[in-house]
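Structure first, then comments.
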Amino acid sequence: MTYAADVVALARKDLLLELRAKETLPAMLLFVVSSLAIFHFALPAGTSHDAALGLLWVALVFTALLGLTRAFVPEREQGLFDALVLAPCDRSAIWLGKAIAVLAFLVAAEIVALPAFAAFFSGIDGRTVVAVALADVGICTVGTLLGAMAVAGQARELLLPLLFLPLAIPIVVGGVGASAGAGSRYLLFLLLYDAVFSLLAWASFEYVVAEQ
Amino acid sequence: MRDVRGLDRTTAVSTAAVLLLGAALGLIFFYVPTDADQGFSQRIFYFHVPIALTSYVCFGWGAWKALRVLRTGDERADLESYVSIHLGVVFGALTLLTGSIWARASWGVWWTWSEDQLVLFLVLFLFYCAYFMLRFSVAPGRSRSNMSAVYALFGVVLIPVSFLAIRLSKEFIHPVVFTSHGPQMAASQFATFCVAWAALLLLYATLYRVELAGKRVDASLRELRELLT
């Protein structure tokens with residue numbers, strides 16, 4: 001099989017599992033909508049549009065974290081990691097397939113979250129949508145690698161947020177900057193983040209799963 | 001024989017560190033003129049900035065050793081990388097502390113988000129604290145050294161990326177001392193700064209050697225004990 005076929009097969013496996021078990025996506029949807037409801041009560045009356053946009057980014061990062069925490073749980077529970085590592089495919093294909101599956105969940109959650117945000121708070125411009133799309137790529141590529149690390153530990157649910165949030169700070173900076181309408185350099189910055197960290201994660205994933 | 005020579009070198013490095021630290025303190029308090037703008041409190045600059053730069057050196061050295069772990073699978077390099085990052089976190093905490101004191105003395109606040117370097121150190125501090133959480137939650141072995149190494153490499157990439165992010169997000173009020181036109185300092189200030197930085201680098205080298213020796217003794221002691229039982 002070629003590399004692309006491996007990736008597609010692995011991503012398809014994750015999406016099929018989700019379609020049958022329906023564990024992650026409903027939780028993410030419910031989480032993002034309820035956090036938007038919380039934010040309504042957290043923001044004092046007459047708060048600016050920018051403050052609400054900032055909270056939107058908080059909601060998106062935490063929703064992604066919810067999906068990432070679950071990402072490698074089936075592999076761990078079923079002891080599938082050893083089989084995947086033994087499979088005759090490039091190990092980075094495991095990472096790419098998983099990242100694509102998580103990206104699909106996250107995009108599905110955002111298709112609900114962004115209109116809900118527009119309805120609850122205020123409208124969203126095109127730049128925010130582009131920024132969200134770019135940030136999703138960064139979140140999923142970095143988060144999938146860290147998720148594979150976190151499941152190896154004893155306190156796996158606890159570990160991932162600690163590993164991930166410092167790396168998510170630049171994403172939040174770029175995202176909030178772009179949606180606050182401060183120019184396209186923030187979009188360029190998000191693009192740079194995606195490129196740099198995707199490359200790094202792609203190159204280093206094989207060491208993370210090498211000898212579990 | 002090798003251990004004895006290593007001990008000798010540690011003694012030499014630590015003696016040099018003590019001498020240079022004394023010299024740096026002397027220069028800072030008795031030689032360098034008081035800053036016309038900020039007064040006496042500016043003298044903390046000669047410790048604050050060298051500590052911050054030393055901390056970058058620690059993280060850089062840790063990442064270099066991490067790269068060696070990934071390329072050769074060397075267990076010694078794993079311990080070296082860990083010790084270097086551990087000291088980097090200690091120097092990073094000192095940077096936050098001295099930066100906070102300086103901010104209080106010169107701007108009247110303990111913390112300011114508009115100071116790029118301080119915010120960057122907060123991000124790095126959080127990132128490398130998570131490094132310890134990762135290390136202590138995974139069982140020792142090949143897989144742990146690989147994961148720690150990958151995370152350490154993410155750290156050195158995060159430094160410039162975060163710096164860019166913080167620059168983008170904040171207005172810039174920090175006094176710029178090093179610009180593309182070279183250091184904006186008087187010769188006496190620059191000399192003091194260099195001595196202080198050399199002293200702190202030697203201090204780092206001393207601590208690195210001592211902690212590494214301690215950790216290695218600990219490991220071989222454990223091996224011996226396991227052989228006996």
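All residue names refer to the structure tokens as shown: chains lettered A, B, ... in order, residues numbered from 1 in each chain, ligands numbered from 1 in order.
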Using only C-alpha atoms, I'd like every residue of chain B that has an atom within 8 Å of chain A; please write them out as a compact mmCIF listing (two decimals) with C-alpha atoms, in the first residue's frame.
# COMPACT_ATOMS: atom_id res chain seq x y z
CA LEU B 70 16.93 10.31 19.20
CA VAL B 123 5.22 30.39 28.73
CA LEU B 124 8.52 28.51 28.75
CA LEU B 126 4.84 26.35 32.09
CA PHE B 127 6.02 24.31 29.10
CA ALA B 130 4.96 19.97 31.97
CA TYR B 131 8.18 18.25 30.81
CA MET B 133 5.07 15.90 34.63
CA LEU B 134 5.60 13.86 31.45
CA SER B 137 4.33 9.83 34.81
CA VAL B 138 6.00 7.48 32.31
CA ALA B 139 7.96 4.42 33.44
CA ARG B 142 13.68 3.75 26.12
CA SER B 143 10.18 5.01 25.47
CA ASN B 146 12.39 9.22 23.41
CA MET B 147 9.28 11.09 24.55
CA VAL B 150 10.78 14.88 21.44
CA PHE B 154 9.39 21.04 20.73
CA LEU B 158 8.48 26.97 20.79
CA VAL B 161 7.49 30.93 17.82
CA SER B 162 6.24 32.19 21.19
CA ALA B 165 3.53 35.56 19.03
CA ILE B 166 4.15 37.75 22.05
CA LEU B 168 2.72 40.39 17.67
CA SER B 169 0.29 40.59 20.53
Hey, what does DSSP flag as strand (DSSP E) within segment 93-193 of chain B? Can you give it to me as number ranges by chain?
B: 178-179, 182-183
Quick one: pull the distance between atom CA of Leu200 of chain B and atom CA of Ala12 of chain B, Å, one decimal.
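Taking atom CA of Leu200 of chain B and atom CA of Ala12 of chain B, their separation equals 15.0 Å.
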Using only C-alpha atoms, find the one residue out of B:Trp64, B:Leu20, B:Gln189, B:Val83 that sits nearest to Arg43 of chain B.
B:Gln189
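Going from atom CA of Ala66 of chain B over to atom CA of Leu65 of chain A, you cover 26.7 Å.
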Check the DSSP output for the backbone and give back, as a ChimeraX atom specification, the residues of segment 55-187 of chain A in alpha helix (DSSP H).
/A:55-71,73-77,80-86,91-120,126-150,156-179,185-187
Selection export as an mmCIF file, in the first residue's frame, atoms kept: C-alpha atoms:
data_model
loop_
_atom_site.group_PDB
_atom_site.id
_atom_site.type_symbol
_atom_site.label_atom_id
_atom_site.label_comp_id
_atom_site.auth_asym_id
_atom_site.auth_seq_id
_atom_site.Cartn_x
_atom_site.Cartn_y
_atom_site.Cartn_z
ATOM 1 C CA LEU A 55 -13.847 33.485 24.898
ATOM 2 C CA LEU A 56 -14.816 31.791 21.634
ATOM 3 C CA TRP A 57 -11.147 30.859 21.227
ATOM 4 C CA VAL A 58 -11.011 29.526 24.765
ATOM 5 C CA ALA A 59 -14.050 27.368 24.026
ATOM 6 C CA LEU A 60 -12.519 26.039 20.795
ATOM 7 C CA VAL A 61 -9.195 25.130 22.395
ATOM 8 C CA PHE A 62 -10.872 23.295 25.277
ATOM 9 C CA THR A 63 -13.275 21.489 22.966
ATOM 10 C CA ALA A 64 -10.319 20.319 20.895
ATOM 11 C CA LEU A 65 -8.639 19.162 24.088
ATOM 12 C CA LEU A 66 -11.685 17.066 24.899
ATOM 13 C CA GLY A 67 -11.457 15.316 21.543
ATOM 14 C CA LEU A 68 -7.685 14.889 21.769
ATOM 15 C CA THR A 69 -7.911 13.280 25.208
ATOM 16 C CA ARG A 70 -10.141 10.603 23.734
ATOM 17 C CA ALA A 71 -8.123 10.212 20.548
ATOM 18 C CA VAL A 73 -7.993 5.775 24.198
ATOM 19 C CA PRO A 74 -9.364 2.993 21.914
ATOM 20 C CA GLU A 75 -5.826 2.072 20.855
ATOM 21 C CA ARG A 76 -4.715 1.895 24.467
ATOM 22 C CA GLU A 77 -7.741 -0.011 25.782
ATOM 23 C CA LEU A 80 -3.891 -1.812 19.408
ATOM 24 C CA PHE A 81 -0.705 0.220 19.587
ATOM 25 C CA ASP A 82 1.554 -2.804 19.303
ATOM 26 C CA ALA A 83 -0.338 -4.021 16.259
ATOM 27 C CA LEU A 84 -0.143 -0.600 14.616
ATOM 28 C CA VAL A 85 3.579 -0.355 15.265
ATOM 29 C CA LEU A 86 4.080 -3.850 13.821
ATOM 30 C CA ARG A 91 4.737 5.160 11.549
ATOM 31 C CA SER A 92 4.045 8.771 10.747
ATOM 32 C CA ALA A 93 1.010 7.492 8.810
ATOM 33 C CA ILE A 94 -0.510 6.541 12.183
ATOM 34 C CA TRP A 95 -0.085 10.117 13.311
ATOM 35 C CA LEU A 96 -1.456 11.610 10.104
ATOM 36 C CA GLY A 97 -4.491 9.326 10.041
ATOM 37 C CA LYS A 98 -5.309 10.126 13.655
ATOM 38 C CA ALA A 99 -4.776 13.846 13.124
ATOM 39 C CA ILE A 100 -7.166 13.801 10.162
ATOM 40 C CA ALA A 101 -9.817 11.985 12.203
ATOM 41 C CA VAL A 102 -9.500 14.443 15.098
ATOM 42 C CA LEU A 103 -9.607 17.316 12.624
ATOM 43 C CA ALA A 104 -12.867 15.947 11.231
ATOM 44 C CA PHE A 105 -14.415 15.834 14.723
ATOM 45 C CA LEU A 106 -13.210 19.326 15.523
ATOM 46 C CA VAL A 107 -14.529 20.780 12.260
ATOM 47 C CA ALA A 108 -17.878 19.079 12.871
ATOM 48 C CA ALA A 109 -18.040 20.606 16.344
ATOM 49 C CA GLU A 110 -17.168 24.025 14.946
ATOM 50 C CA ILE A 111 -19.840 23.824 12.258
ATOM 51 C CA VAL A 112 -22.247 23.883 15.200
ATOM 52 C CA ALA A 113 -20.232 26.152 17.478
ATOM 53 C CA LEU A 114 -19.609 29.080 15.129
ATOM 54 C CA PRO A 115 -23.280 29.628 14.140
ATOM 55 C CA ALA A 116 -24.245 29.145 17.799
ATOM 56 C CA PHE A 117 -21.718 31.819 18.751
ATOM 57 C CA ALA A 118 -23.087 34.141 16.072
ATOM 58 C CA ALA A 119 -26.607 33.587 17.416
ATOM 59 C CA PHE A 120 -25.731 33.942 21.101
ATOM 60 C CA GLY A 126 -14.722 35.584 7.174
ATOM 61 C CA ARG A 127 -11.329 36.243 8.658
ATOM 62 C CA THR A 128 -12.309 34.485 11.878
ATOM 63 C CA VAL A 129 -13.467 31.445 9.918
ATOM 64 C CA VAL A 130 -10.141 31.291 8.066
ATOM 65 C CA ALA A 131 -8.261 31.704 11.343
ATOM 66 C CA VAL A 132 -10.290 28.900 12.937
ATOM 67 C CA ALA A 133 -9.523 26.624 9.988
ATOM 68 C CA LEU A 134 -5.784 27.372 10.213
ATOM 69 C CA ALA A 135 -5.748 26.974 13.984
ATOM 70 C CA ASP A 136 -7.521 23.607 13.691
ATOM 71 C CA VAL A 137 -4.646 22.230 11.649
ATOM 72 C CA GLY A 138 -2.104 23.320 14.255
ATOM 73 C CA ILE A 139 -4.193 22.068 17.173
ATOM 74 C CA CYS A 140 -4.754 18.643 15.618
ATOM 75 C CA THR A 141 -1.200 17.996 14.434
ATOM 76 C CA VAL A 142 0.477 19.051 17.690
ATOM 77 C CA GLY A 143 -2.296 17.662 19.873
ATOM 78 C CA THR A 144 -2.232 14.227 18.254
ATOM 79 C CA LEU A 145 1.477 13.837 18.902
ATOM 80 C CA LEU A 146 1.113 14.964 22.525
ATOM 81 C CA GLY A 147 -1.942 12.735 22.911
ATOM 82 C CA ALA A 148 0.147 9.725 21.910
ATOM 83 C CA MET A 149 2.658 10.729 24.602
ATOM 84 C CA ALA A 150 0.013 11.306 27.251
ATOM 85 C CA ARG A 156 -3.223 10.300 30.940
ATOM 86 C CA GLU A 157 -6.285 12.581 31.131
ATOM 87 C CA LEU A 158 -4.416 14.878 33.462
ATOM 88 C CA LEU A 159 -1.231 15.032 31.422
ATOM 89 C CA LEU A 160 -2.486 16.132 28.001
ATOM 90 C CA PRO A 161 -3.798 19.593 28.985
ATOM 91 C CA LEU A 162 -0.525 20.327 30.785
ATOM 92 C CA LEU A 163 1.519 19.325 27.759
ATOM 93 C CA PHE A 164 -0.754 20.983 25.232
ATOM 94 C CA LEU A 165 -1.792 24.360 26.669
ATOM 95 C CA PRO A 166 1.660 26.035 26.640
ATOM 96 C CA LEU A 167 1.985 25.020 22.987
ATOM 97 C CA ALA A 168 -1.509 26.369 22.278
ATOM 98 C CA ILE A 169 -0.685 29.887 23.483
ATOM 99 C CA PRO A 170 0.716 30.995 20.087
ATOM 100 C CA ILE A 171 -2.413 29.593 18.395
ATOM 101 C CA VAL A 172 -4.641 31.646 20.672
ATOM 102 C CA VAL A 173 -2.539 34.752 20.052
ATOM 103 C CA GLY A 174 -2.800 34.303 16.286
ATOM 104 C CA GLY A 175 -6.484 33.415 16.376
ATOM 105 C CA VAL A 176 -7.610 36.263 18.617
ATOM 106 C CA GLY A 177 -5.445 38.703 16.686
ATOM 107 C CA ALA A 178 -6.981 37.613 13.402
ATOM 108 C CA SER A 179 -10.564 37.717 14.617
ATOM 109 C CA ARG A 185 -0.149 39.025 9.547
ATOM 110 C CA TYR A 186 -1.875 36.976 12.247
ATOM 111 C CA LEU A 187 -3.150 34.579 9.585
#
What's around His86 of chain B at 12 Å? Count only C-alpha atoms, leave out sequence neighbours fewer than 3 positions away in its own chain, and write the answer as a PDB file with N, CA and C atoms, in the first residue's frame.
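The result, written out as part-v1.pdb:
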ATOM      1  N   SER B  55      19.605  30.586  31.002  1.00  0.00           N
ATOM      2  CA  SER B  55      18.492  29.660  30.937  1.00  0.00           C
ATOM      3  C   SER B  55      18.238  29.204  29.493  1.00  0.00           C
ATOM      4  N   CYS B  58      20.743  26.609  28.782  1.00  0.00           N
ATOM      5  CA  CYS B  58      20.351  25.317  29.369  1.00  0.00           C
ATOM      6  C   CYS B  58      19.359  24.598  28.463  1.00  0.00           C
ATOM      7  N   PHE B  59      18.331  25.312  28.012  1.00  0.00           N
ATOM      8  CA  PHE B  59      17.318  24.669  27.175  1.00  0.00           C
ATOM      9  C   PHE B  59      17.927  24.226  25.846  1.00  0.00           C
ATOM     10  N   TRP B  61      21.107  23.411  25.276  1.00  0.00           N
ATOM     11  CA  TRP B  61      21.980  22.256  25.514  1.00  0.00           C
ATOM     12  C   TRP B  61      21.128  21.012  25.742  1.00  0.00           C
ATOM     13  N   GLY B  62      20.029  21.169  26.484  1.00  0.00           N
ATOM     14  CA  GLY B  62      19.119  20.049  26.714  1.00  0.00           C
ATOM     15  C   GLY B  62      18.551  19.520  25.407  1.00  0.00           C
ATOM     16  N   LEU B  79      19.952  11.421  30.381  1.00  0.00           N
ATOM     17  CA  LEU B  79      20.133  12.007  31.713  1.00  0.00           C
ATOM     18  C   LEU B  79      20.703  13.418  31.599  1.00  0.00           C
ATOM     19  N   GLU B  80      21.646  13.606  30.660  1.00  0.00           N
ATOM     20  CA  GLU B  80      22.240  14.935  30.488  1.00  0.00           C
ATOM     21  C   GLU B  80      21.206  15.953  30.043  1.00  0.00           C
ATOM     22  N   SER B  81      20.333  15.508  29.120  1.00  0.00           N
ATOM     23  CA  SER B  81      19.284  16.407  28.645  1.00  0.00           C
ATOM     24  C   SER B  81      18.356  16.786  29.786  1.00  0.00           C
ATOM     25  N   TYR B  82      17.995  15.796  30.603  1.00  0.00           N
ATOM     26  CA  TYR B  82      17.091  16.061  31.722  1.00  0.00           C
ATOM     27  C   TYR B  82      17.714  17.032  32.712  1.00  0.00           C
ATOM     28  N   VAL B  83      18.989  16.809  33.060  1.00  0.00           N
ATOM     29  CA  VAL B  83      19.643  17.671  34.050  1.00  0.00           C
ATOM     30  C   VAL B  83      19.729  19.103  33.527  1.00  0.00           C
ATOM     31  N   VAL B  89      15.005  25.247  34.106  1.00  0.00           N
ATOM     32  CA  VAL B  89      13.783  25.649  34.803  1.00  0.00           C
ATOM     33  C   VAL B  89      14.124  26.429  36.065  1.00  0.00           C
ATOM     34  N   VAL B  90      15.217  26.013  36.752  1.00  0.00           N
ATOM     35  CA  VAL B  90      15.624  26.748  37.948  1.00  0.00           C
ATOM     36  C   VAL B  90      16.031  28.171  37.558  1.00  0.00           C
ATOM     37  N   PHE B  91      16.857  28.300  36.506  1.00  0.00           N
ATOM     38  CA  PHE B  91      17.263  29.640  36.063  1.00  0.00           C
ATOM     39  C   PHE B  91      16.054  30.422  35.542  1.00  0.00           C
ATOM     40  N   GLY B  92      15.118  29.724  34.909  1.00  0.00           N
ATOM     41  CA  GLY B  92      13.908  30.393  34.421  1.00  0.00           C
ATOM     42  C   GLY B  92      13.087  30.946  35.571  1.00  0.00           C
ATOM     43  N   ALA B  93      12.963  30.182  36.650  1.00  0.00           N
ATOM     44  CA  ALA B  93      12.229  30.674  37.812  1.00  0.00           C
ATOM     45  C   ALA B  93      12.927  31.891  38.399  1.00  0.00           C
ATOM     46  N   PHE B 125       8.310  28.521  31.166  1.00  0.00           N
ATOM     47  CA  PHE B 125       8.285  27.917  32.489  1.00  0.00           C
ATOM     48  C   PHE B 125       7.152  26.894  32.563  1.00  0.00           C
ATOM     49  N   TYR B 128       8.080  23.820  30.332  1.00  0.00           N
ATOM     50  CA  TYR B 128       9.082  22.889  30.849  1.00  0.00           C
ATOM     51  C   TYR B 128       8.662  22.259  32.164  1.00  0.00           C
ATOM     52  N   CYS B 129       7.740  22.890  32.904  1.00  0.00           N
ATOM     53  CA  CYS B 129       7.198  22.203  34.084  1.00  0.00           C
ATOM     54  C   CYS B 129       6.410  20.983  33.624  1.00  0.00           C
ATOM     55  N   ALA B 130       5.695  21.113  32.502  1.00  0.00           N
ATOM     56  CA  ALA B 130       4.957  19.966  31.968  1.00  0.00           C
ATOM     57  C   ALA B 130       5.924  18.859  31.547  1.00  0.00           C
ATOM     58  N   TYR B 131       7.151  19.249  31.145  1.00  0.00           N
ATOM     59  CA  TYR B 131       8.179  18.251  30.806  1.00  0.00           C
ATOM     60  C   TYR B 131       8.414  17.316  31.989  1.00  0.00           C
ATOM     61  N   PHE B 132       8.468  17.891  33.202  1.00  0.00           N
ATOM     62  CA  PHE B 132       8.681  17.038  34.378  1.00  0.00           C
ATOM     63  C   PHE B 132       7.478  16.157  34.643  1.00  0.00           C
ATOM     64  N   ARG B 135       7.770  13.308  32.337  1.00  0.00           N
ATOM     65  CA  ARG B 135       8.846  12.398  32.708  1.00  0.00           C
ATOM     66  C   ARG B 135       8.513  11.553  33.913  1.00  0.00           C
ATOM     67  N   ALA B 152      11.476  17.961  24.463  1.00  0.00           N
ATOM     68  CA  ALA B 152      12.531  18.972  24.603  1.00  0.00           C
ATOM     69  C   ALA B 152      12.788  19.667  23.267  1.00  0.00           C
ATOM     70  N   TYR B 204      26.328  27.503  36.024  1.00  0.00           N
ATOM     71  CA  TYR B 204      25.521  26.469  35.367  1.00  0.00           C
ATOM     72  C   TYR B 204      26.351  25.210  35.126  1.00  0.00           C
ATOM     73  N   LEU B 207      26.846  23.372  38.456  1.00  0.00           N
ATOM     74  CA  LEU B 207      25.636  22.683  38.916  1.00  0.00           C
ATOM     75  C   LEU B 207      25.338  21.480  38.036  1.00  0.00           C
ATOM     76  N   TYR B 208      25.560  21.651  36.718  1.00  0.00           N
ATOM     77  CA  TYR B 208      25.309  20.579  35.759  1.00  0.00           C
ATOM     78  C   TYR B 208      26.172  19.367  36.082  1.00  0.00           C
ATOM     79  N   GLU B 211      25.076  17.837  39.592  1.00  0.00           N
ATOM     80  CA  GLU B 211      23.814  17.111  39.575  1.00  0.00           C
ATOM     81  C   GLU B 211      23.942  15.819  38.762  1.00  0.00           C
ATOM     82  N   LEU B 212      24.668  15.922  37.648  1.00  0.00           N
ATOM     83  CA  LEU B 212      24.860  14.746  36.791  1.00  0.00           C
ATOM     84  C   LEU B 212      25.612  13.650  37.548  1.00  0.00           C
TER      85      LEU B 212
END
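By only C-alpha atoms, and with residues fewer than 2 positions from Ala199 of chain B along its chain excluded, the set lying at most 6 Å from it is Ala17, Leu20, Leu21, Ala196, Trp197, Leu201 and Leu202 of chain B.
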Given only C-alpha atoms as the counted atoms, nearest of B:Leu120, B:Leu53, B:Val32, B:Ile44 to Arg104 of chain B
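Using only C-alpha atoms, the shortest distance to Arg104 of chain B belongs to B:Ile44.
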